[in-house]
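Containing TSV, C-alpha atoms: my_file_10.tsv.
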```tsv
chain	number	residue	atom	x	y	z
A	319	MET	CA	-46.22	-10.56	-39.22
A	320	ILE	CA	-48.77	-11.20	-36.51
A	321	TRP	CA	-50.56	-14.54	-36.29
A	322	LYS	CA	-53.62	-15.07	-34.11
A	323	LYS	CA	-53.86	-18.60	-32.81
A	324	LYS	CA	-57.31	-20.16	-33.17
A	325	GLY	CA	-56.51	-23.27	-31.13
A	326	LEU	CA	-56.01	-27.01	-31.44
A	327	ILE	CA	-57.98	-28.62	-34.26
A	328	TYR	CA	-57.32	-32.32	-33.97
A	329	CYS	CA	-55.46	-34.92	-31.95
A	330	PRO	CA	-55.94	-38.67	-32.60
A	331	THR	CA	-58.08	-40.72	-30.24
A	332	GLY	CA	-56.63	-44.12	-31.13
A	333	LYS	CA	-60.06	-45.61	-31.78
A	334	SER	CA	-59.09	-46.92	-35.21
A	335	GLY	CA	-55.89	-48.62	-34.12
A	336	TRP	CA	-53.75	-47.08	-36.81
A	337	ASP	CA	-54.21	-43.53	-35.39
A	338	LYS	CA	-52.81	-44.09	-31.90
A	339	ASN	CA	-50.39	-41.16	-31.86
A	340	TYR	CA	-49.59	-37.88	-33.56
A	341	ALA	CA	-51.31	-35.77	-36.20
A	342	ILE	CA	-48.20	-34.59	-37.98
A	343	TYR	CA	-47.33	-32.50	-41.05
A	344	PRO	CA	-50.75	-30.84	-41.62
A	345	THR	CA	-51.02	-30.33	-45.39
A	346	PRO	CA	-53.83	-28.06	-46.62
A	347	ARG	CA	-55.80	-28.12	-49.87
A	348	PHE	CA	-58.71	-25.85	-50.72
A	349	ILE	CA	-61.41	-27.69	-52.70
A	350	ARG	CA	-63.16	-24.75	-54.31
A	351	GLY	CA	-66.11	-26.63	-55.82
A	352	SER	CA	-67.10	-28.09	-52.45
A	353	ASN	CA	-65.99	-25.04	-50.45
A	354	ILE	CA	-63.95	-27.29	-48.17
A	355	LEU	CA	-60.54	-26.82	-46.67
A	356	ARG	CA	-59.10	-30.33	-46.58
A	357	VAL	CA	-56.06	-31.00	-44.43
A	358	TYR	CA	-54.07	-34.21	-44.91
A	359	PHE	CA	-51.91	-35.33	-41.99
A	360	GLY	CA	-49.90	-38.28	-40.77
A	361	VAL	CA	-50.87	-40.56	-37.87
A	362	LEU	CA	-48.90	-43.31	-36.13
A	363	ASP	CA	-50.05	-46.67	-34.80
A	364	VAL	CA	-48.88	-48.39	-31.62
A	365	ASN	CA	-45.70	-49.55	-33.42
A	366	ASN	CA	-45.04	-46.03	-34.78
A	367	PHE	CA	-45.84	-46.91	-38.38
A	368	GLY	CA	-47.22	-43.87	-40.17
A	369	ARG	CA	-50.23	-43.43	-42.47
A	370	THR	CA	-52.10	-40.53	-44.05
A	371	GLU	CA	-55.66	-39.47	-43.37
A	372	PHE	CA	-57.52	-36.16	-43.73
A	373	ILE	CA	-60.00	-33.82	-42.09
A	374	ASP	CA	-62.38	-31.34	-43.77
A	375	LEU	CA	-62.67	-27.85	-42.27
A	376	ASP	CA	-64.75	-24.74	-42.81
A	377	PRO	CA	-62.60	-22.44	-45.01
A	378	SER	CA	-64.03	-19.32	-43.38
A	379	ASP	CA	-63.14	-20.68	-39.92
A	380	PRO	CA	-60.80	-23.71	-39.96
A	381	SER	CA	-61.37	-24.32	-36.28
A	382	VAL	CA	-64.78	-25.73	-37.32
A	383	ILE	CA	-64.62	-29.41	-38.34
A	384	ILE	CA	-67.00	-30.42	-41.14
A	385	ASP	CA	-65.94	-34.05	-41.48
A	386	LEU	CA	-63.20	-36.43	-40.36
A	387	SER	CA	-62.31	-39.11	-42.90
A	388	ASN	CA	-61.62	-41.69	-40.19
A	389	LYS	CA	-59.95	-43.92	-42.76
A	390	VAL	CA	-56.50	-44.48	-44.19
A	391	SER	CA	-55.99	-42.43	-47.34
A	392	LEU	CA	-52.41	-43.55	-47.96
A	393	ASP	CA	-51.24	-46.76	-46.32
A	394	LEU	CA	-47.82	-48.30	-45.74
A	395	GLY	CA	-45.78	-49.36	-48.73
A	396	SER	CA	-45.09	-53.02	-49.37
A	397	LEU	CA	-42.35	-54.77	-47.40
A	398	GLY	CA	-38.91	-53.65	-48.46
A	399	GLN	CA	-40.05	-50.51	-50.25
A	400	PHE	CA	-38.81	-47.06	-49.27
A	401	ASP	CA	-42.11	-46.31	-47.49
A	402	ASP	CA	-42.83	-49.61	-45.75
A	403	SER	CA	-42.63	-47.95	-42.31
A	404	GLY	CA	-44.62	-44.82	-43.07
A	405	ALA	CA	-46.25	-42.62	-45.69
A	406	ILE	CA	-47.23	-39.20	-44.39
A	407	PRO	CA	-48.15	-36.12	-46.47
A	408	SER	CA	-45.83	-33.35	-47.51
A	409	CYS	CA	-47.68	-31.08	-49.98
A	410	TYR	CA	-50.54	-30.91	-52.46
A	411	VAL	CA	-50.01	-29.57	-55.99
A	412	GLU	CA	-51.70	-29.61	-59.39
A	413	ILE	CA	-49.53	-30.57	-62.38
A	414	HIS	CA	-50.84	-30.52	-65.97
A	415	GLY	CA	-54.43	-30.63	-64.75
A	416	LYS	CA	-53.88	-33.58	-62.40
A	417	LYS	CA	-53.93	-33.56	-58.60
A	418	TYR	CA	-50.97	-34.89	-56.66
A	419	LEU	CA	-49.85	-35.44	-53.10
A	420	TYR	CA	-46.14	-35.56	-52.38
A	421	TYR	CA	-45.42	-37.57	-49.26
A	422	ASN	CA	-42.62	-38.63	-46.91
A	423	GLY	CA	-41.72	-42.31	-47.19
A	424	PHE	CA	-40.08	-43.80	-44.09
A	425	CYS	CA	-37.96	-46.95	-43.94
A	426	ARG	CA	-36.40	-48.15	-40.70
A	427	SER	CA	-32.77	-49.06	-40.43
A	428	VAL	CA	-30.63	-51.09	-38.01
A	429	ARG	CA	-27.61	-48.95	-37.21
A	430	THR	CA	-29.55	-45.69	-37.53
A	431	PRO	CA	-33.25	-44.98	-36.84
A	432	TYR	CA	-34.58	-44.44	-40.37
A	433	HIS	CA	-34.28	-43.15	-43.94
A	434	ILE	CA	-36.80	-40.73	-45.47
A	435	PHE	CA	-37.34	-40.14	-49.18
A	436	SER	CA	-40.06	-38.37	-51.10
A	437	GLY	CA	-42.85	-40.24	-52.85
A	438	LEU	CA	-45.59	-39.08	-55.22
A	439	ALA	CA	-49.23	-40.14	-55.29
A	440	GLU	CA	-52.08	-39.08	-57.58
A	441	ILE	CA	-55.48	-38.05	-56.27
A	442	ASP	CA	-58.12	-39.59	-58.54
A	443	SER	CA	-61.57	-38.22	-59.42
A	444	ASP	CA	-63.11	-40.19	-56.54
A	445	GLU	CA	-60.53	-38.61	-54.17
A	446	SER	CA	-58.69	-41.89	-53.65
A	447	ILE	CA	-54.91	-41.54	-53.37
A	448	ASN	CA	-52.70	-43.93	-55.32
A	449	ARG	CA	-48.94	-44.13	-55.61
A	450	THR	CA	-47.49	-43.27	-58.99
A	451	SER	CA	-44.45	-45.47	-58.35
A	452	THR	CA	-42.95	-47.87	-55.82
A	453	CYS	CA	-39.77	-45.79	-55.98
A	454	PRO	CA	-39.16	-42.30	-54.54
A	455	VAL	CA	-39.09	-39.21	-56.75
A	456	LEU	CA	-36.29	-37.85	-54.58
A	457	ASP	CA	-34.10	-40.89	-54.04
A	458	ARG	CA	-30.79	-41.17	-52.21
A	459	THR	CA	-27.62	-39.85	-53.79
A	460	SER	CA	-23.97	-40.10	-52.76
A	461	GLU	CA	-24.33	-36.70	-51.06
A	462	GLU	CA	-27.86	-37.09	-49.69
A	463	TYR	CA	-28.36	-40.62	-48.46
A	464	ILE	CA	-30.40	-40.16	-45.26
A	465	ASP	CA	-33.23	-37.74	-45.96
A	466	ARG	CA	-34.58	-36.15	-49.16
A	467	ALA	CA	-38.18	-35.37	-48.29
A	468	GLY	CA	-40.40	-32.90	-46.44
A	469	GLN	CA	-40.84	-31.00	-49.67
A	470	VAL	CA	-43.16	-28.24	-50.77
A	471	VAL	CA	-43.76	-27.83	-54.51
A	472	LEU	CA	-44.98	-24.70	-56.33
A	473	ASN	CA	-46.22	-24.68	-59.89
A	474	ASP	CA	-44.69	-21.33	-60.85
A	475	ASN	CA	-45.75	-20.43	-64.40
A	476	GLY	CA	-45.26	-23.98	-65.64
A	477	ILE	CA	-41.99	-24.58	-63.78
A	478	LEU	CA	-42.22	-26.82	-60.75
A	479	LYS	CA	-40.11	-25.47	-57.90
A	480	CYS	CA	-39.34	-27.55	-54.85
A	481	TRP	CA	-37.76	-26.92	-51.47
A	482	TYR	CA	-36.95	-30.01	-49.43
A	483	VAL	CA	-35.12	-31.34	-46.38
A	484	SER	CA	-31.62	-32.66	-47.14
A	485	ALA	CA	-29.59	-34.80	-44.72
A	486	SER	CA	-26.45	-36.90	-45.12
A	487	LYS	CA	-25.07	-37.11	-41.60
A	488	TRP	CA	-26.02	-38.69	-38.29
A	489	GLU	CA	-24.58	-37.24	-35.09
A	490	ASP	CA	-24.35	-38.81	-31.64
A	491	MET	CA	-25.66	-35.91	-29.59
A	492	ASP	CA	-25.20	-35.21	-25.92
A	493	SER	CA	-27.03	-31.96	-25.28
A	494	VAL	CA	-29.74	-30.54	-23.02
A	495	LEU	CA	-32.49	-32.06	-25.19
A	496	PHE	CA	-30.88	-34.91	-27.09
A	497	LYS	CA	-28.80	-37.85	-25.93
A	498	ARG	CA	-29.18	-40.05	-28.99
A	499	GLN	CA	-28.50	-40.20	-32.72
A	500	MET	CA	-29.92	-37.22	-34.60
A	501	PRO	CA	-29.68	-36.27	-38.29
A	502	VAL	CA	-28.11	-33.00	-39.37
A	503	TYR	CA	-30.30	-31.47	-42.06
A	504	ARG	CA	-30.75	-28.34	-44.15
A	505	ILE	CA	-33.02	-27.08	-46.95
A	506	LYS	CA	-32.28	-27.40	-50.67
A	507	TYR	CA	-33.96	-26.23	-53.88
A	508	ALA	CA	-34.81	-28.13	-57.08
A	509	THR	CA	-36.80	-27.63	-60.29
A	510	SER	CA	-38.72	-29.97	-62.58
A	511	LYS	CA	-40.92	-29.94	-65.67
A	512	ASN	CA	-42.88	-33.09	-64.92
A	513	GLY	CA	-42.83	-33.49	-61.13
A	514	TYR	CA	-40.80	-36.70	-61.28
A	515	ASP	CA	-37.33	-35.69	-62.47
A	516	TRP	CA	-35.65	-32.98	-60.43
A	517	ILE	CA	-32.60	-30.78	-61.06
A	518	VAL	CA	-31.09	-29.86	-57.70
A	519	ASN	CA	-29.22	-26.69	-56.85
A	520	ASP	CA	-26.27	-27.69	-54.66
A	521	LYS	CA	-26.41	-24.55	-52.53
A	522	TYR	CA	-28.28	-24.74	-49.23
A	523	CYS	CA	-31.19	-22.29	-49.10
A	524	ILE	CA	-31.02	-21.92	-45.33
A	525	ASP	CA	-27.84	-22.63	-43.39
A	526	PHE	CA	-26.92	-22.67	-39.73
A	527	GLU	CA	-26.14	-19.41	-37.95
A	528	ASN	CA	-24.47	-20.98	-34.92
A	529	GLU	CA	-23.38	-24.31	-33.42
A	530	ASP	CA	-26.64	-24.69	-31.51
A	531	GLU	CA	-28.63	-25.18	-34.72
A	532	PHE	CA	-28.51	-28.55	-36.42
A	533	GLY	CA	-31.75	-28.96	-38.39
A	534	PHE	CA	-34.25	-27.14	-40.57
A	535	GLY	CA	-37.43	-29.15	-41.09
A	536	ARG	CA	-40.51	-28.97	-43.32
A	537	PRO	CA	-40.05	-25.86	-45.47
A	538	TRP	CA	-43.24	-24.23	-46.73
A	539	VAL	CA	-43.06	-21.65	-49.50
A	540	ILE	CA	-45.66	-19.35	-51.04
A	541	LYS	CA	-45.15	-16.69	-53.69
A	542	SER	CA	-46.55	-13.24	-53.01
A	543	GLY	CA	-46.02	-10.93	-56.00
A	544	ASP	CA	-42.32	-11.21	-56.80
A	545	MET	CA	-41.44	-12.38	-53.30
A	546	TYR	CA	-40.98	-15.97	-52.15
A	547	ARG	CA	-41.83	-16.44	-48.47
A	548	MET	CA	-40.65	-19.48	-46.53
A	549	TRP	CA	-41.64	-20.83	-43.14
A	550	TYR	CA	-39.63	-23.70	-41.68
A	551	SER	CA	-38.84	-25.48	-38.41
A	552	ILE	CA	-35.61	-24.67	-36.58
A	553	ARG	CA	-34.10	-27.42	-34.47
A	554	ARG	CA	-31.50	-26.56	-31.83
A	555	ARG	CA	-29.54	-28.54	-29.29
A	556	SER	CA	-30.77	-26.39	-26.40
A	557	VAL	CA	-34.30	-25.32	-27.44
A	558	PRO	CA	-37.19	-27.39	-28.87
A	559	TYR	CA	-38.51	-26.69	-32.36
A	560	ARG	CA	-39.45	-23.12	-33.26
A	561	ILE	CA	-40.80	-21.75	-36.54
A	562	GLY	CA	-38.53	-19.57	-38.66
A	563	TYR	CA	-39.18	-17.26	-41.60
A	564	ALA	CA	-37.16	-16.17	-44.65
A	565	GLU	CA	-37.63	-14.20	-47.88
A	566	SER	CA	-36.18	-14.54	-51.40
A	567	LEU	CA	-36.52	-12.90	-54.80
A	568	ASP	CA	-35.41	-15.97	-56.78
A	569	GLY	CA	-36.16	-18.93	-54.50
A	570	ILE	CA	-32.45	-19.75	-54.20
A	571	GLU	CA	-30.84	-16.97	-52.18
A	572	TRP	CA	-32.72	-16.48	-48.91
A	573	GLU	CA	-32.56	-13.91	-46.14
A	574	ARG	CA	-33.49	-15.20	-42.72
A	575	LYS	CA	-35.97	-13.01	-40.85
A	576	ASP	CA	-36.85	-15.29	-37.98
A	577	ARG	CA	-37.71	-12.42	-35.65
A	578	GLU	CA	-40.52	-11.41	-37.99
A	579	VAL	CA	-42.26	-14.82	-37.96
A	580	GLY	CA	-44.92	-13.60	-35.53
A	581	ILE	CA	-45.73	-16.92	-33.86
A	582	ASP	CA	-44.18	-18.69	-30.87
A	583	VAL	CA	-45.04	-21.18	-28.14
A	584	SER	CA	-48.04	-20.56	-25.89
A	585	GLU	CA	-47.83	-20.04	-22.14
A	586	ALA	CA	-49.59	-23.35	-21.52
A	587	GLY	CA	-51.25	-26.20	-23.36
A	588	TRP	CA	-50.68	-28.34	-26.43
A	589	ASP	CA	-48.13	-25.96	-28.06
A	590	SER	CA	-46.40	-24.58	-24.97
A	591	GLU	CA	-43.11	-26.43	-25.52
A	592	MET	CA	-42.63	-26.22	-29.27
A	593	VAL	CA	-44.18	-25.09	-32.56
A	594	CYS	CA	-43.14	-26.80	-35.78
A	595	PHE	CA	-43.95	-28.15	-39.27
A	596	PRO	CA	-45.93	-25.14	-40.53
A	597	SER	CA	-47.98	-24.98	-43.72
A	598	VAL	CA	-49.53	-21.76	-44.99
A	599	ILE	CA	-52.50	-21.33	-47.32
A	600	LYS	CA	-54.47	-18.34	-48.56
A	601	VAL	CA	-58.19	-19.05	-48.84
A	602	LYS	CA	-60.24	-16.24	-50.36
A	603	ASP	CA	-59.28	-13.16	-48.34
A	604	LYS	CA	-57.72	-14.99	-45.38
A	605	THR	CA	-54.32	-16.60	-44.76
A	606	PHE	CA	-53.96	-19.51	-42.36
A	607	MET	CA	-51.04	-21.41	-40.85
A	608	PHE	CA	-51.46	-25.00	-39.76
A	609	TYR	CA	-48.76	-26.25	-37.43
A	610	ASN	CA	-47.78	-28.91	-34.91
A	611	GLY	CA	-47.11	-28.44	-31.22
A	612	ASN	CA	-45.47	-30.33	-28.38
A	613	ASN	CA	-43.44	-33.49	-28.94
A	614	ASN	CA	-43.23	-33.03	-32.73
A	615	GLY	CA	-46.98	-33.27	-33.22
A	616	LYS	CA	-47.95	-35.88	-30.65
A	617	THR	CA	-50.45	-33.35	-29.25
A	618	GLY	CA	-51.99	-32.83	-32.69
A	619	PHE	CA	-52.17	-29.78	-34.93
A	620	GLY	CA	-53.78	-26.36	-34.72
A	621	VAL	CA	-54.29	-23.27	-36.84
A	622	ALA	CA	-53.45	-19.57	-36.69
A	623	GLU	CA	-54.79	-16.73	-38.83
A	624	LEU	CA	-52.61	-13.98	-40.26
A	625	ILE	CA	-53.95	-10.64	-39.09
A	626	GLU	CA	-51.06	-8.38	-40.09
A	627	TRP	CA	-48.11	-8.61	-42.50
```

Transcribe the structure of this file into structure tokens.
Amino acid sequence: MIWKKKGLIYCPTGKSGWDKNYAIYPTPRFIRGSNILRVYFGVLDVNNFGRTEFIDLDPSDPSVIIDLSNKVSLDLGSLGQFDDSGAIPSCYVEIHGKKYLYYNGFCRSVRTPYHIFSGLAEIDSDESINRTSTCPVLDRTSEEYIDRAGQVVLNDNGILKCWYVSASKWEDMDSVLFKRQMPVYRIKYATSKNGYDWIVNDKYCIDFENEDEFGFGRPWVIKSGDMYRMWYSIRRRSVPYRIGYAESLDGIEWERKDREVGIDVSEAGWDSEMVCFPSVIKVKDKTFMFYNGNNNGKTGFGVAELIEW
């Protein structure tokens, strides 16, 4: 693959108070009737509480901004709920004719930094986003009690297929990049008929190749013919986030082909230190990747266009 970077699209200005930092987890949705490419993303306030807003782009050239919502689309959950510290988008999907946004719900902890579990919200006819429940759709289990979120969901011939981030271990790291608690996390696969109740396959889709790797974040999967294609973020002890790539014929057994990903850090600028949290969408005859750059998205998000498979 060869991706051509088209540049930075958006970085928060902080004018609204709740959008002080970051524009993380860009999550695309093509609104055909309006011919708009809408991208949901998470922003953080001065206290690092996260909310969701969106930006509308030209689908023929996503570097062109049509409109910025400049309002909170999905706010914090109520005190004590799983998302009372943050609600940032994960993926858009249509289920039984309804429009949904899966999101990452953050809750802070005392002895560890946070817990993250997946929530589900419905997008109404007026484009407002409302939670379907005060509880997560991927809640903690005895094996996965830190992180079950970051998911992408495909409606594959009536079967909902999900790939998500799974973590059940904190590690006190002392490496080149990290001298603090960090979660150890991998990618798992699950299926559902209704989008709420998930049957999880216990096997990790992507596993570590060496001791330097300790995390795989934000999987993004598309189906091309009979082939499932996954992009994901690789976290290492010695190197900041990079984007990886894998292929599968069944969505369960994956072959890593990271060298074929076709996108890396730039020589200078907003994505010169890391690239991470990709999302890929085909709009008409073009395929785009939205992604975050330096400091896990603090410098905003940009877009690249696929010019060669």

Got a sec: who's within 9 Å of Gly615 (chain A), counting only C-alpha atoms, leaving out chain neighbours fewer than 5 positions off, as a PyMOL selection string? chain A and resi 329+339-343+593-595+609-610

Spatial neighbours of Cys425 (chain A), 9 Å, only C-alpha atoms, chain gap at least 4 places, as a list of chain:residue names: A:Gly398, A:Gln399, A:Phe400, A:Asp401, A:Asp402, A:Ser403, A:Gly404, A:Pro431, A:Tyr432, A:His433, A:Ile434, A:Phe435

What is the CA of Met319 (chain A)-CA of Asp376 (chain A) distance in Å, reported with one decimal?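 One can read the CA of Met319 (chain A) to CA of Asp376 (chain A) distance as 23.6 Å.
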
Please identify every residue of region 409-452 of chain A that has at least one atom no farther than 8 Å from an atom of region 472-478 of chain A, counting only C-alpha atoms, and for each give the shortest atom pair and the distance in Å to one decimal, arranged by chain then increasing number, as JSON lines.
```
{"residue": "A:Val411", "atom": "CA", "partner": "A:Leu472", "partner_atom": "CA", "distance": 7.0}
{"residue": "A:Glu412", "atom": "CA", "partner": "A:Asn473", "partner_atom": "CA", "distance": 7.4}
{"residue": "A:Ile413", "atom": "CA", "partner": "A:Asn473", "partner_atom": "CA", "distance": 7.2}
```

Write out the residues from the selection above, keeping C-alpha atoms, as a JSON list (two decimals), keeping the file's coordinate frame.
```
[["chain", "number", "residue", "atom", "x", "y", "z"],
["A", 411, "VAL", "CA", -50.01, -29.57, -55.99],
["A", 412, "GLU", "CA", -51.70, -29.61, -59.39],
["A", 413, "ILE", "CA", -49.53, -30.57, -62.38]]
```

Ser446 (chain A) environment, 10 Å, all atoms listed in the file, sequence neighbours closer than 5 positions dropped, as a PyMOL selection string: chain A and resi 391-392+439-441

Write the residues of the preceding selection, restricted to C-alpha atoms, as a compact mmCIF listing (two decimals), in the frame of the given file.
```txt
# COMPACT_ATOMS: atom_id res chain seq x y z
CA SER A 391 -55.99 -42.43 -47.34
CA LEU A 392 -52.41 -43.55 -47.96
CA ALA A 439 -49.23 -40.14 -55.29
CA GLU A 440 -52.08 -39.08 -57.58
CA ILE A 441 -55.48 -38.05 -56.27
```

Out of A:Gly351, A:Ala508, A:Asp520, A:Asp515, which residue has the shortest atom-to-atom distance to Pro454 (chain A) when counting all atoms listed in the file?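 Closest to Pro454 (chain A), using all atoms listed in the file: A:Asp515.
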
Of the residues A:Arg536, A:Lys324, A:Lys417, A:Lys541, which is the one nearest to Arg560 (chain A), using only C-alpha atoms?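 Distance minimum relative to Arg560 (chain A) lands on A:Arg536.
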
Length of the CA of Val598 (chain A) to CA of Ile540 (chain A) vector [Å]: 7.6 Å

To one decimal place, how far is CA of Asn519 (chain A) from CA of Tyr507 (chain A) in Å?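 Atom-to-atom, CA of Asn519 (chain A) and CA of Tyr507 (chain A) are spaced 5.6 Å apart.
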
Counting all atoms listed in the file, closest pick from A:Ser590, A:Asn365, A:Gln469, A:Ser486 relative to Lys506 (chain A) is A:Gln469

Here is a test: counting all atoms listed in the file, which residue of A:Val601, A:Glu571, A:Trp588, A:Glu626 is nearest to Leu375 (chain A)?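 Nearest candidate to Leu375 (chain A) out of A:Val601, A:Glu571, A:Trp588, A:Glu626: A:Val601.
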
Find, counting all atoms listed in the file, the residue in A:Arg547, A:Lys575, A:Arg554, A:Lys416 that gets nearest to Phe496 (chain A). A:Arg554

Where is the centre and how long are the edges: axis-aligned box on region 473-483 of chain A, 8 Å on each side, Å to one decimal, as lines of an AutoDock Vina configuration file:
```
center_x = -40.7
center_y = -25.9
center_z = -56.0
size_x = 27.1
size_y = 26.9
size_z = 35.3
```

Go through A:Phe526, A:Phe367, A:Tyr559, A:Trp321 one by one, measure the shortest atom-to-atom distance of each to Val579 (chain A) using all atoms listed in the file, and give the residue with the smallest value.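 Under the stated criterion, the closest residue is A:Trp321.
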
Tell me which protein, DNA and RNA residues are within 12 Å of Ser460 (chain A), counting only C-alpha atoms, leaving out same-chain ones fewer than 4 positions away, and put them as a PyMOL selection string. chain A and resi 464-466+485-487
